[in-house]
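Listing of input.pdb; format and content: PDB, C-alpha atoms.
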ATOM      1  CA  ASP P   1     -33.794   4.272  28.530  1.00  0.00           C
ATOM      2  CA  ALA P   2     -31.347   7.163  28.596  1.00  0.00           C
ATOM      3  CA  LYS P   3     -28.833   7.405  31.409  1.00  0.00           C
ATOM      4  CA  THR P   4     -28.935  10.405  33.731  1.00  0.00           C
ATOM      5  CA  THR P   5     -26.201  12.160  35.677  1.00  0.00           C
ATOM      6  CA  GLN P   6     -26.913  14.160  38.815  1.00  0.00           C
ATOM      7  CA  PRO P   7     -24.672  15.752  41.438  1.00  0.00           C
ATOM      8  CA  THR P   8     -24.318  13.606  44.527  1.00  0.00           C
ATOM      9  CA  SER P   9     -25.334  16.337  46.928  1.00  0.00           C
ATOM     10  CA  MET P  10     -26.377  19.976  47.111  1.00  0.00           C
ATOM     11  CA  ASP P  11     -27.127  22.532  49.784  1.00  0.00           C
ATOM     12  CA  CYS P  12     -29.723  25.247  49.813  1.00  0.00           C
ATOM     13  CA  ALA P  13     -30.712  27.929  52.288  1.00  0.00           C
ATOM     14  CA  GLU P  14     -34.281  27.890  53.496  1.00  0.00           C
ATOM     15  CA  GLY P  15     -36.464  30.275  51.502  1.00  0.00           C
ATOM     16  CA  ARG P  16     -34.136  30.333  48.530  1.00  0.00           C
ATOM     17  CA  ALA P  17     -34.675  28.576  45.232  1.00  0.00           C
ATOM     18  CA  ALA P  18     -33.158  25.114  44.919  1.00  0.00           C
ATOM     19  CA  ASN P  19     -31.996  24.341  41.388  1.00  0.00           C
ATOM     20  CA  LEU P  20     -31.240  20.677  40.839  1.00  0.00           C
ATOM     21  CA  PRO P  21     -29.558  19.820  37.538  1.00  0.00           C
ATOM     22  CA  CYS P  22     -29.779  16.600  35.573  1.00  0.00           C
ATOM     23  CA  ASN P  23     -27.832  15.626  32.503  1.00  0.00           C
ATOM     24  CA  HIS P  24     -29.447  13.230  30.025  1.00  0.00           C
ATOM     25  CA  SER P  25     -27.406  13.793  26.882  1.00  0.00           C
ATOM     26  CA  THR P  26     -28.509  10.519  25.230  1.00  0.00           C
ATOM     27  CA  ILE P  27     -32.221  11.186  25.600  1.00  0.00           C
ATOM     28  CA  SER P  28     -34.363  10.301  22.600  1.00  0.00           C
ATOM     29  CA  GLY P  29     -37.380  12.109  21.254  1.00  0.00           C
ATOM     30  CA  ASN P  30     -40.007   9.936  22.909  1.00  0.00           C
ATOM     31  CA  GLU P  31     -38.503   9.880  26.399  1.00  0.00           C
ATOM     32  CA  TYR P  32     -40.025  11.750  29.298  1.00  0.00           C
ATOM     33  CA  VAL P  33     -38.012  13.317  32.108  1.00  0.00           C
ATOM     34  CA  TYR P  34     -39.486  12.459  35.515  1.00  0.00           C
ATOM     35  CA  TRP P  35     -38.537  13.834  38.891  1.00  0.00           C
ATOM     36  CA  TYR P  36     -39.253  12.010  42.113  1.00  0.00           C
ATOM     37  CA  ARG P  37     -38.003  12.596  45.617  1.00  0.00           C
ATOM     38  CA  GLN P  38     -37.577  10.439  48.680  1.00  0.00           C
ATOM     39  CA  ILE P  39     -37.787  12.007  52.093  1.00  0.00           C
ATOM     40  CA  HIS P  40     -35.832   9.916  54.600  1.00  0.00           C
ATOM     41  CA  SER P  41     -36.972   6.319  54.015  1.00  0.00           C
ATOM     42  CA  GLN P  42     -40.459   7.114  52.779  1.00  0.00           C
ATOM     43  CA  GLY P  43     -41.766   5.961  49.426  1.00  0.00           C
ATOM     44  CA  PRO P  44     -40.627   7.924  46.372  1.00  0.00           C
ATOM     45  CA  GLN P  45     -42.905  10.867  45.749  1.00  0.00           C
ATOM     46  CA  TYR P  46     -43.722  12.081  42.253  1.00  0.00           C
ATOM     47  CA  ILE P  47     -42.854  15.738  41.671  1.00  0.00           C
ATOM     48  CA  ILE P  48     -43.167  16.580  37.998  1.00  0.00           C
ATOM     49  CA  HIS P  49     -42.499  15.313  34.500  1.00  0.00           C
ATOM     50  CA  GLY P  50     -41.975  16.793  31.056  1.00  0.00           C
ATOM     51  CA  LEU P  51     -41.326  15.848  27.477  1.00  0.00           C
ATOM     52  CA  LYS P  52     -40.203  18.965  25.626  1.00  0.00           C
ATOM     53  CA  ASN P  53     -41.776  22.015  27.203  1.00  0.00           C
ATOM     54  CA  ASN P  54     -41.079  23.561  30.561  1.00  0.00           C
ATOM     55  CA  GLU P  55     -43.588  22.507  33.170  1.00  0.00           C
ATOM     56  CA  THR P  56     -44.803  23.945  36.459  1.00  0.00           C
ATOM     57  CA  ASN P  57     -47.031  22.573  39.154  1.00  0.00           C
ATOM     58  CA  GLU P  58     -47.701  23.344  42.799  1.00  0.00           C
ATOM     59  CA  MET P  59     -44.500  21.646  43.896  1.00  0.00           C
ATOM     60  CA  ALA P  60     -41.877  22.675  41.381  1.00  0.00           C
ATOM     61  CA  SER P  61     -40.876  23.829  37.925  1.00  0.00           C
ATOM     62  CA  LEU P  62     -39.068  21.762  35.339  1.00  0.00           C
ATOM     63  CA  ILE P  63     -36.879  23.509  32.816  1.00  0.00           C
ATOM     64  CA  ILE P  64     -35.771  21.362  29.862  1.00  0.00           C
ATOM     65  CA  THR P  65     -33.114  22.733  27.523  1.00  0.00           C
ATOM     66  CA  GLU P  66     -34.016  23.142  23.901  1.00  0.00           C
ATOM     67  CA  ASP P  67     -31.829  20.225  22.855  1.00  0.00           C
ATOM     68  CA  ARG P  68     -33.370  18.190  25.709  1.00  0.00           C
ATOM     69  CA  LYS P  69     -29.956  17.011  26.860  1.00  0.00           C
ATOM     70  CA  SER P  70     -30.340  18.442  30.322  1.00  0.00           C
ATOM     71  CA  SER P  71     -32.989  19.689  32.692  1.00  0.00           C
ATOM     72  CA  THR P  72     -33.288  21.555  35.972  1.00  0.00           C
ATOM     73  CA  LEU P  73     -35.781  20.996  38.730  1.00  0.00           C
ATOM     74  CA  ILE P  74     -36.560  24.215  40.566  1.00  0.00           C
ATOM     75  CA  LEU P  75     -38.054  24.348  44.044  1.00  0.00           C
ATOM     76  CA  PRO P  76     -38.850  28.066  44.172  1.00  0.00           C
ATOM     77  CA  HIS P  77     -38.812  28.575  47.944  1.00  0.00           C
ATOM     78  CA  ALA P  78     -37.122  25.628  49.616  1.00  0.00           C
ATOM     79  CA  THR P  79     -38.182  24.671  53.118  1.00  0.00           C
ATOM     80  CA  LEU P  80     -36.597  22.308  55.623  1.00  0.00           C
ATOM     81  CA  ARG P  81     -39.200  19.727  54.589  1.00  0.00           C
ATOM     82  CA  ASP P  82     -37.712  19.678  51.094  1.00  0.00           C
ATOM     83  CA  THR P  83     -34.594  17.982  52.435  1.00  0.00           C
ATOM     84  CA  ALA P  84     -34.626  14.709  50.491  1.00  0.00           C
ATOM     85  CA  VAL P  85     -32.984  12.672  47.762  1.00  0.00           C
ATOM     86  CA  TYR P  86     -34.145  13.860  44.342  1.00  0.00           C
ATOM     87  CA  TYR P  87     -34.195  11.470  41.415  1.00  0.00           C
ATOM     88  CA  CYS P  88     -34.154  12.423  37.762  1.00  0.00           C
ATOM     89  CA  ILE P  89     -35.365   9.517  35.615  1.00  0.00           C
ATOM     90  CA  VAL P  90     -35.694   9.306  31.857  1.00  0.00           C
ATOM     91  CA  ARG P  91     -38.148   6.834  30.457  1.00  0.00           C
ATOM     92  CA  VAL P  92     -39.751   6.079  27.101  1.00  0.00           C
ATOM     93  CA  ALA P  93     -43.401   7.028  26.966  1.00  0.00           C
ATOM     94  CA  PHE P  94     -45.674   4.033  26.463  1.00  0.00           C
ATOM     95  CA  SER P  95     -49.246   4.638  25.494  1.00  0.00           C
ATOM     96  CA  GLY P  96     -50.053   1.193  26.862  1.00  0.00           C
ATOM     97  CA  GLY P  97     -49.383   2.220  30.436  1.00  0.00           C
ATOM     98  CA  TYR P  98     -46.459   0.083  31.587  1.00  0.00           C
ATOM     99  CA  ASN P  99     -43.844   2.314  33.191  1.00  0.00           C
ATOM    100  CA  LYS P 100     -41.083   0.591  35.121  1.00  0.00           C
ATOM    101  CA  LEU P 101     -38.826   3.301  36.535  1.00  0.00           C
ATOM    102  CA  ILE P 102     -35.162   2.717  37.260  1.00  0.00           C
ATOM    103  CA  PHE P 103     -33.770   4.803  40.097  1.00  0.00           C
ATOM    104  CA  GLY P 104     -30.206   6.006  40.251  1.00  0.00           C
ATOM    105  CA  ALA P 105     -28.431   7.436  43.258  1.00  0.00           C
ATOM    106  CA  GLY P 106     -30.087  10.852  42.907  1.00  0.00           C
ATOM    107  CA  THR P 107     -29.068  14.163  44.458  1.00  0.00           C
ATOM    108  CA  ARG P 108     -29.185  14.527  48.211  1.00  0.00           C
ATOM    109  CA  LEU P 109     -30.529  18.026  48.845  1.00  0.00           C
ATOM    110  CA  ALA P 110     -29.983  19.500  52.282  1.00  0.00           C
ATOM    111  CA  VAL P 111     -31.986  22.613  53.082  1.00  0.00           C
ATOM    112  CA  HIS P 112     -30.544  24.514  56.018  1.00  0.00           C
ATOM    113  CA  PRO P 113     -31.928  27.381  58.119  1.00  0.00           C
TER
ATOM    114  CA  GLU C   1     -55.685  12.421  46.924  1.00  0.00           C
ATOM    115  CA  PRO C   2     -55.685   8.663  46.146  1.00  0.00           C
ATOM    116  CA  GLU C   3     -52.988   6.680  47.938  1.00  0.00           C
ATOM    117  CA  VAL C   4     -51.215   3.367  47.690  1.00  0.00           C
ATOM    118  CA  THR C   5     -51.535   1.695  51.087  1.00  0.00           C
ATOM    119  CA  GLN C   6     -49.036  -0.823  52.425  1.00  0.00           C
ATOM    120  CA  THR C   7     -49.186  -3.123  55.434  1.00  0.00           C
ATOM    121  CA  PRO C   8     -47.502  -3.848  57.712  1.00  0.00           C
ATOM    122  CA  SER C   9     -45.374  -0.758  58.142  1.00  0.00           C
ATOM    123  CA  HIS C  10     -42.746  -2.836  59.919  1.00  0.00           C
ATOM    124  CA  GLN C  11     -42.334  -6.572  60.246  1.00  0.00           C
ATOM    125  CA  VAL C  12     -39.679  -8.445  62.156  1.00  0.00           C
ATOM    126  CA  THR C  13     -39.213 -12.099  61.302  1.00  0.00           C
ATOM    127  CA  GLN C  14     -36.827 -14.950  61.872  1.00  0.00           C
ATOM    128  CA  MET C  15     -34.637 -16.203  59.067  1.00  0.00           C
ATOM    129  CA  GLY C  16     -36.371 -18.965  57.140  1.00  0.00           C
ATOM    130  CA  GLN C  17     -39.881 -17.741  57.880  1.00  0.00           C
ATOM    131  CA  GLU C  18     -42.410 -16.800  55.229  1.00  0.00           C
ATOM    132  CA  VAL C  19     -43.471 -13.192  54.971  1.00  0.00           C
ATOM    133  CA  ILE C  20     -46.349 -11.610  53.082  1.00  0.00           C
ATOM    134  CA  LEU C  21     -46.335  -7.891  52.413  1.00  0.00           C
ATOM    135  CA  ARG C  22     -49.613  -6.360  51.358  1.00  0.00           C
ATOM    136  CA  CYS C  23     -50.484  -3.435  49.162  1.00  0.00           C
ATOM    137  CA  VAL C  24     -53.732  -1.800  48.156  1.00  0.00           C
ATOM    138  CA  PRO C  25     -53.048   0.075  44.911  1.00  0.00           C
ATOM    139  CA  ILE C  26     -55.100   3.008  43.721  1.00  0.00           C
ATOM    140  CA  SER C  27     -58.475   1.625  42.694  1.00  0.00           C
ATOM    141  CA  ASN C  28     -58.510   2.334  38.953  1.00  0.00           C
ATOM    142  CA  HIS C  29     -54.852   1.510  38.385  1.00  0.00           C
ATOM    143  CA  LEU C  30     -53.885  -1.419  36.210  1.00  0.00           C
ATOM    144  CA  TYR C  31     -50.116  -1.732  36.557  1.00  0.00           C
ATOM    145  CA  PHE C  32     -48.487  -2.784  39.808  1.00  0.00           C
ATOM    146  CA  TYR C  33     -44.894  -2.910  40.940  1.00  0.00           C
ATOM    147  CA  TRP C  34     -42.730  -3.934  43.862  1.00  0.00           C
ATOM    148  CA  TYR C  35     -39.441  -2.216  44.596  1.00  0.00           C
ATOM    149  CA  ARG C  36     -37.062  -2.660  47.480  1.00  0.00           C
ATOM    150  CA  GLN C  37     -34.424  -0.496  49.114  1.00  0.00           C
ATOM    151  CA  ILE C  38     -31.730  -1.944  51.300  1.00  0.00           C
ATOM    152  CA  LEU C  39     -30.618   0.573  53.909  1.00  0.00           C
ATOM    153  CA  GLY C  40     -28.331   3.164  52.373  1.00  0.00           C
ATOM    154  CA  GLN C  41     -28.713   1.814  48.843  1.00  0.00           C
ATOM    155  CA  LYS C  42     -30.727   2.620  45.728  1.00  0.00           C
ATOM    156  CA  VAL C  43     -34.386   1.879  45.160  1.00  0.00           C
ATOM    157  CA  GLU C  44     -34.351  -1.347  43.106  1.00  0.00           C
ATOM    158  CA  PHE C  45     -37.043  -2.731  40.829  1.00  0.00           C
ATOM    159  CA  LEU C  46     -38.249  -6.210  41.756  1.00  0.00           C
ATOM    160  CA  VAL C  47     -41.284  -7.064  39.670  1.00  0.00           C
ATOM    161  CA  SER C  48     -44.173  -5.653  37.693  1.00  0.00           C
ATOM    162  CA  PHE C  49     -47.651  -7.123  37.330  1.00  0.00           C
ATOM    163  CA  TYR C  50     -50.409  -6.514  34.820  1.00  0.00           C
ATOM    164  CA  ASN C  51     -53.510  -8.386  33.778  1.00  0.00           C
ATOM    165  CA  ASN C  52     -53.008 -10.963  36.532  1.00  0.00           C
ATOM    166  CA  GLU C  53     -49.543 -11.974  35.521  1.00  0.00           C
ATOM    167  CA  ILE C  54     -45.948 -10.894  35.939  1.00  0.00           C
ATOM    168  CA  SER C  55     -44.925  -8.619  33.091  1.00  0.00           C
ATOM    169  CA  GLU C  56     -41.292  -8.218  34.072  1.00  0.00           C
ATOM    170  CA  LYS C  57     -39.006  -9.240  36.909  1.00  0.00           C
ATOM    171  CA  SER C  58     -35.470  -8.409  37.906  1.00  0.00           C
ATOM    172  CA  GLU C  59     -32.717 -10.869  38.729  1.00  0.00           C
ATOM    173  CA  ILE C  60     -33.361 -10.148  42.384  1.00  0.00           C
ATOM    174  CA  PHE C  61     -36.834 -11.658  42.058  1.00  0.00           C
ATOM    175  CA  ASP C  62     -35.855 -15.307  42.351  1.00  0.00           C
ATOM    176  CA  ASP C  63     -37.911 -18.382  43.246  1.00  0.00           C
ATOM    177  CA  GLN C  64     -38.182 -17.230  46.851  1.00  0.00           C
ATOM    178  CA  PHE C  65     -40.405 -14.365  45.767  1.00  0.00           C
ATOM    179  CA  SER C  66     -43.933 -14.453  44.424  1.00  0.00           C
ATOM    180  CA  VAL C  67     -46.640 -11.909  43.784  1.00  0.00           C
ATOM    181  CA  GLU C  68     -50.376 -12.264  43.683  1.00  0.00           C
ATOM    182  CA  ARG C  69     -53.477 -10.196  43.253  1.00  0.00           C
ATOM    183  CA  PRO C  70     -55.879 -12.413  45.194  1.00  0.00           C
ATOM    184  CA  ASP C  71     -58.880 -10.130  44.813  1.00  0.00           C
ATOM    185  CA  GLY C  72     -59.772  -6.897  43.115  1.00  0.00           C
ATOM    186  CA  SER C  73     -57.935  -4.685  45.572  1.00  0.00           C
ATOM    187  CA  ASN C  74     -54.902  -6.330  47.176  1.00  0.00           C
ATOM    188  CA  PHE C  75     -51.488  -6.929  45.647  1.00  0.00           C
ATOM    189  CA  THR C  76     -49.139  -9.067  47.717  1.00  0.00           C
ATOM    190  CA  LEU C  77     -45.444  -9.891  47.768  1.00  0.00           C
ATOM    191  CA  LYS C  78     -44.517 -13.187  49.410  1.00  0.00           C
ATOM    192  CA  ILE C  79     -41.039 -14.190  50.450  1.00  0.00           C
ATOM    193  CA  ARG C  80     -41.085 -17.934  51.103  1.00  0.00           C
ATOM    194  CA  SER C  81     -38.014 -18.398  53.253  1.00  0.00           C
ATOM    195  CA  THR C  82     -36.513 -15.122  54.362  1.00  0.00           C
ATOM    196  CA  LYS C  83     -32.777 -14.530  54.464  1.00  0.00           C
ATOM    197  CA  LEU C  84     -30.843 -11.886  56.358  1.00  0.00           C
ATOM    198  CA  GLU C  85     -30.194 -10.038  53.098  1.00  0.00           C
ATOM    199  CA  ASP C  86     -33.938  -9.644  52.510  1.00  0.00           C
ATOM    200  CA  SER C  87     -33.953  -6.997  55.224  1.00  0.00           C
ATOM    201  CA  ALA C  88     -35.036  -3.849  53.411  1.00  0.00           C
ATOM    202  CA  MET C  89     -37.840  -1.395  52.768  1.00  0.00           C
ATOM    203  CA  TYR C  90     -40.302  -2.774  50.246  1.00  0.00           C
ATOM    204  CA  PHE C  91     -42.310  -0.304  48.216  1.00  0.00           C
ATOM    205  CA  CYS C  92     -45.432  -1.016  46.226  1.00  0.00           C
ATOM    206  CA  ALA C  93     -46.340   1.258  43.323  1.00  0.00           C
ATOM    207  CA  SER C  94     -49.134   1.485  40.790  1.00  0.00           C
ATOM    208  CA  ASN C  95     -50.148   3.481  37.771  1.00  0.00           C
ATOM    209  CA  GLY C  96     -53.133   3.819  35.517  1.00  0.00           C
ATOM    210  CA  GLN C  97     -53.296   3.982  31.773  1.00  0.00           C
ATOM    211  CA  ASP C  98     -52.452   7.494  30.693  1.00  0.00           C
ATOM    212  CA  TYR C  99     -52.836   7.823  26.961  1.00  0.00           C
ATOM    213  CA  SER C 100     -50.334  10.674  26.894  1.00  0.00           C
ATOM    214  CA  GLY C 101     -47.762   8.050  27.786  1.00  0.00           C
ATOM    215  CA  ALA C 102     -46.537   9.684  30.999  1.00  0.00           C
ATOM    216  CA  ASN C 103     -47.992   6.932  33.252  1.00  0.00           C
ATOM    217  CA  VAL C 104     -46.955   8.447  36.553  1.00  0.00           C
ATOM    218  CA  LEU C 105     -46.236   5.901  39.282  1.00  0.00           C
ATOM    219  CA  THR C 106     -47.625   6.412  42.762  1.00  0.00           C
ATOM    220  CA  PHE C 107     -45.679   4.743  45.558  1.00  0.00           C
ATOM    221  CA  GLY C 108     -46.779   3.543  48.949  1.00  0.00           C
ATOM    222  CA  ALA C 109     -45.050   4.494  52.199  1.00  0.00           C
ATOM    223  CA  GLY C 110     -43.274   1.151  52.327  1.00  0.00           C
ATOM    224  CA  SER C 111     -43.004  -1.895  54.554  1.00  0.00           C
ATOM    225  CA  ARG C 112     -39.818  -2.291  56.540  1.00  0.00           C
ATOM    226  CA  LEU C 113     -38.771  -5.929  56.774  1.00  0.00           C
ATOM    227  CA  THR C 114     -36.207  -6.919  59.373  1.00  0.00           C
ATOM    228  CA  VAL C 115     -34.918 -10.486  59.228  1.00  0.00           C
ATOM    229  CA  LEU C 116     -33.114 -11.737  62.332  1.00  0.00           C
TER
END
Any chance you could put this one into structure tokens?
Amino acid sequence: DAKTTQPTSMDCAEGRAANLPCNHSTISGNEYVYWYRQIHSQGPQYIIHGLKNNETNEMASLIITEDRKSSTLILPHATLRDTAVYYCIVRVAFSGGYNKLIFGAGTRLAVHP
Amino acid sequence: EPEVTQTPSHQVTQMGQEVILRCVPISNHLYFYWYRQILGQKVEFLVSFYNNEISEKSEIFDDQFSVERPDGSNFTLKIRSTKLEDSAMYFCASNGQDYSGANVLTFGAGSRLTVL
């Protein structure tokens, strides 16, 4: 699975967009980009995933560059409750279902008033 | 929304005691995982389980650890003789079979194990 690089920490003002970058320059064509977050010591929470196209759901948007070597998770209107560690994980897609995820250190996002 | 449920939320035990952590994965899921997170450290993969057998385990998952799916709903992690360094949050996760290949994992809230 491709290695990812994320900034250690970021700040964001409440109500503003939080843009969290992830570099995955060695990604291969059949690897998904997943984003999870962990609020305090809770279980990791799935946010969004994508393969090639940009994706949006009720939580966030995922922008993947055309060469797929980097991506950005966008929280459009950050709230204090979005303060968490955000993990970008790249993983080969398996049609069989098995999907062990390997977590890195992630980006610690602090949303302040 | 379907959830992965873990019990207990917190367990305190004496070194050398056996501990069983329990998980109820989402009902139609087929793949099950245990992860752990020592305070201040990364979330680490321990073991995966499919079709009533271990499919993969990490080097952390030594002979002191075992997993079982005793019935159609529970998935358990047993630590036979706990050590101080087993103190951590333990997370259970599961996923179904998504033919797109995305296979999103859903995690439980975790069980905090404190070994004294």
Nearest to Pro21 (chain P) among P:Thr83, P:Asn53, P:Ser70, P:Ser61, with distances taken over all atoms listed in the file: which residue is it?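 The answer is P:Ser70, which sits nearest to Pro21 (chain P).
For the pair CA of Ser73 (chain C) and CA of Gly43 (chain P), the separation is 19.7 Å.
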Wanna dump the chain C-chain P contacts at 8 Å for me, each residue with its shortest atom pair and the distance in Å to one decimal, counting only C-alpha atoms, ordered by chain and number, as JSON lines?
{"residue": "C:Tyr31", "atom": "CA", "partner": "P:Tyr98", "partner_atom": "CA", "distance": 6.4}
{"residue": "C:Tyr33", "atom": "CA", "partner": "P:Lys100", "partner_atom": "CA", "distance": 7.8}
{"residue": "C:Gln41", "atom": "CA", "partner": "P:Ala105", "partner_atom": "CA", "distance": 7.9}
{"residue": "C:Lys42", "atom": "CA", "partner": "P:Ala105", "partner_atom": "CA", "distance": 5.9}
{"residue": "C:Val43", "atom": "CA", "partner": "P:Phe103", "partner_atom": "CA", "distance": 5.9}
{"residue": "C:Glu44", "atom": "CA", "partner": "P:Phe103", "partner_atom": "CA", "distance": 6.9}
{"residue": "C:Phe45", "atom": "CA", "partner": "P:Ile102", "partner_atom": "CA", "distance": 6.8}
{"residue": "C:Ser48", "atom": "CA", "partner": "P:Lys100", "partner_atom": "CA", "distance": 7.4}
{"residue": "C:Met89", "atom": "CA", "partner": "P:Ser41", "partner_atom": "CA", "distance": 7.9}
{"residue": "C:Phe91", "atom": "CA", "partner": "P:Gly43", "partner_atom": "CA", "distance": 6.4}
{"residue": "C:Asn95", "atom": "CA", "partner": "P:Gly97", "partner_atom": "CA", "distance": 7.5}
{"residue": "C:Gly96", "atom": "CA", "partner": "P:Gly97", "partner_atom": "CA", "distance": 6.5}
{"residue": "C:Gln97", "atom": "CA", "partner": "P:Gly97", "partner_atom": "CA", "distance": 4.5}
{"residue": "C:Asp98", "atom": "CA", "partner": "P:Gly97", "partner_atom": "CA", "distance": 6.1}
{"residue": "C:Tyr99", "atom": "CA", "partner": "P:Ser95", "partner_atom": "CA", "distance": 5.0}
{"residue": "C:Ser100", "atom": "CA", "partner": "P:Ser95", "partner_atom": "CA", "distance": 6.3}
{"residue": "C:Gly101", "atom": "CA", "partner": "P:Ser95", "partner_atom": "CA", "distance": 4.4}
{"residue": "C:Ala102", "atom": "CA", "partner": "P:Ala93", "partner_atom": "CA", "distance": 5.8}
{"residue": "C:Asn103", "atom": "CA", "partner": "P:Gly97", "partner_atom": "CA", "distance": 5.7}
{"residue": "C:Val104", "atom": "CA", "partner": "P:Tyr46", "partner_atom": "CA", "distance": 7.5}
{"residue": "C:Leu105", "atom": "CA", "partner": "P:Tyr46", "partner_atom": "CA", "distance": 7.3}
{"residue": "C:Thr106", "atom": "CA", "partner": "P:Tyr46", "partner_atom": "CA", "distance": 6.9}
{"residue": "C:Phe107", "atom": "CA", "partner": "P:Gly43", "partner_atom": "CA", "distance": 5.6}
{"residue": "C:Gly108", "atom": "CA", "partner": "P:Gly43", "partner_atom": "CA", "distance": 5.6}
{"residue": "C:Ala109", "atom": "CA", "partner": "P:Gly43", "partner_atom": "CA", "distance": 4.5}
{"residue": "C:Gly110", "atom": "CA", "partner": "P:Gly43", "partner_atom": "CA", "distance": 5.8}
On this file, the PyMOL selection byres ((chain P and resi 77) around 6) gives some set of residues; write that set as a list in words.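 Here the PyMOL selection byres ((chain P and resi 77) around 6) matches Gly15, Arg16, Ala17, Leu75, Pro76 and Ala78 of chain P.
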To verify the selection step, state as a list in words which residues the PyMOL selection byres ((chain P and resi 3) around 9) yields on this input.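 Applying the PyMOL selection byres ((chain P and resi 3) around 9) to the structure shown produces Asp1, Ala2, Thr4, Thr5, Asn23, His24, Ser25, Thr26, Ile27, Ile89 and Val90 of chain P.
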Close residues, Val24 (chain C) itself excluded, 10 Å, all atoms listed in the file, min 3 positions apart in chain, as a list of chain:residue names: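 My list of contacting residues is C:Glu3, C:Val4, C:Thr5, C:Gln6, C:Thr7, C:Ser27, C:Phe32, C:Arg69, C:Gly72, C:Ser73, C:Asn74, C:Phe75, C:Thr76, C:Cys92, C:Ala93, C:Ser94, C:Gly108.
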Generate the output file for the selected residues, C-alpha atoms, as a compact mmCIF listing (two decimals), keeping the file's coordinate frame.
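What landed in selection-v1.txt:
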# COMPACT_ATOMS: atom_id res chain seq x y z
CA GLU C 3 -52.99 6.68 47.94
CA VAL C 4 -51.22 3.37 47.69
CA THR C 5 -51.54 1.70 51.09
CA GLN C 6 -49.04 -0.82 52.42
CA THR C 7 -49.19 -3.12 55.43
CA SER C 27 -58.48 1.62 42.69
CA PHE C 32 -48.49 -2.78 39.81
CA ARG C 69 -53.48 -10.20 43.25
CA GLY C 72 -59.77 -6.90 43.12
CA SER C 73 -57.94 -4.68 45.57
CA ASN C 74 -54.90 -6.33 47.18
CA PHE C 75 -51.49 -6.93 45.65
CA THR C 76 -49.14 -9.07 47.72
CA CYS C 92 -45.43 -1.02 46.23
CA ALA C 93 -46.34 1.26 43.32
CA SER C 94 -49.13 1.48 40.79
CA GLY C 108 -46.78 3.54 48.95
Ranking C:Pro70, C:Gly40, C:Gly16, C:Pro8 by minimum distance to Ser111 (chain C) and counting all atoms listed in the file, which one comes first?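 The closest residue to Ser111 (chain C) is C:Pro8.
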8 Å contact set for His10 (chain C), only C-alpha atoms, chain neighbours under 6 positions out, as an MDAnalysis selection string: chainID C and resid 111:114
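Evaluating the PyMOL selection byres ((chain P and resi 85) around 7) against the shown model yields Arg37, Gln38, Ile39, Ala84, Tyr86, Tyr87, Gly106, Thr107, Arg108 and Leu109 of chain P.
Put simply, CA of Arg81 (chain P) is 21.7 Å away from CA of Ser9 (chain C).
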Using Å and a single decimal, report how far CA of Ser55 (chain C) sits from CA of Asp71 (chain C).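 Those two atoms sit 18.3 Å apart.
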Counting only C-alpha atoms, the option among C:Leu39, C:Tyr90, C:Pro2, C:Lys83 closest to Pro25 (chain C): C:Pro2
Output, as AutoDock Vina command-line options, the centre and edge lengths in Å (one decimal) of the axis-aligned box that contains all listed atoms of region 14-25 of chain P with 5 Å of margin on each side.
--center_x -31.9 --center_y 21.8 --center_z 40.2 --size_x 19.1 --size_y 27.1 --size_z 36.6
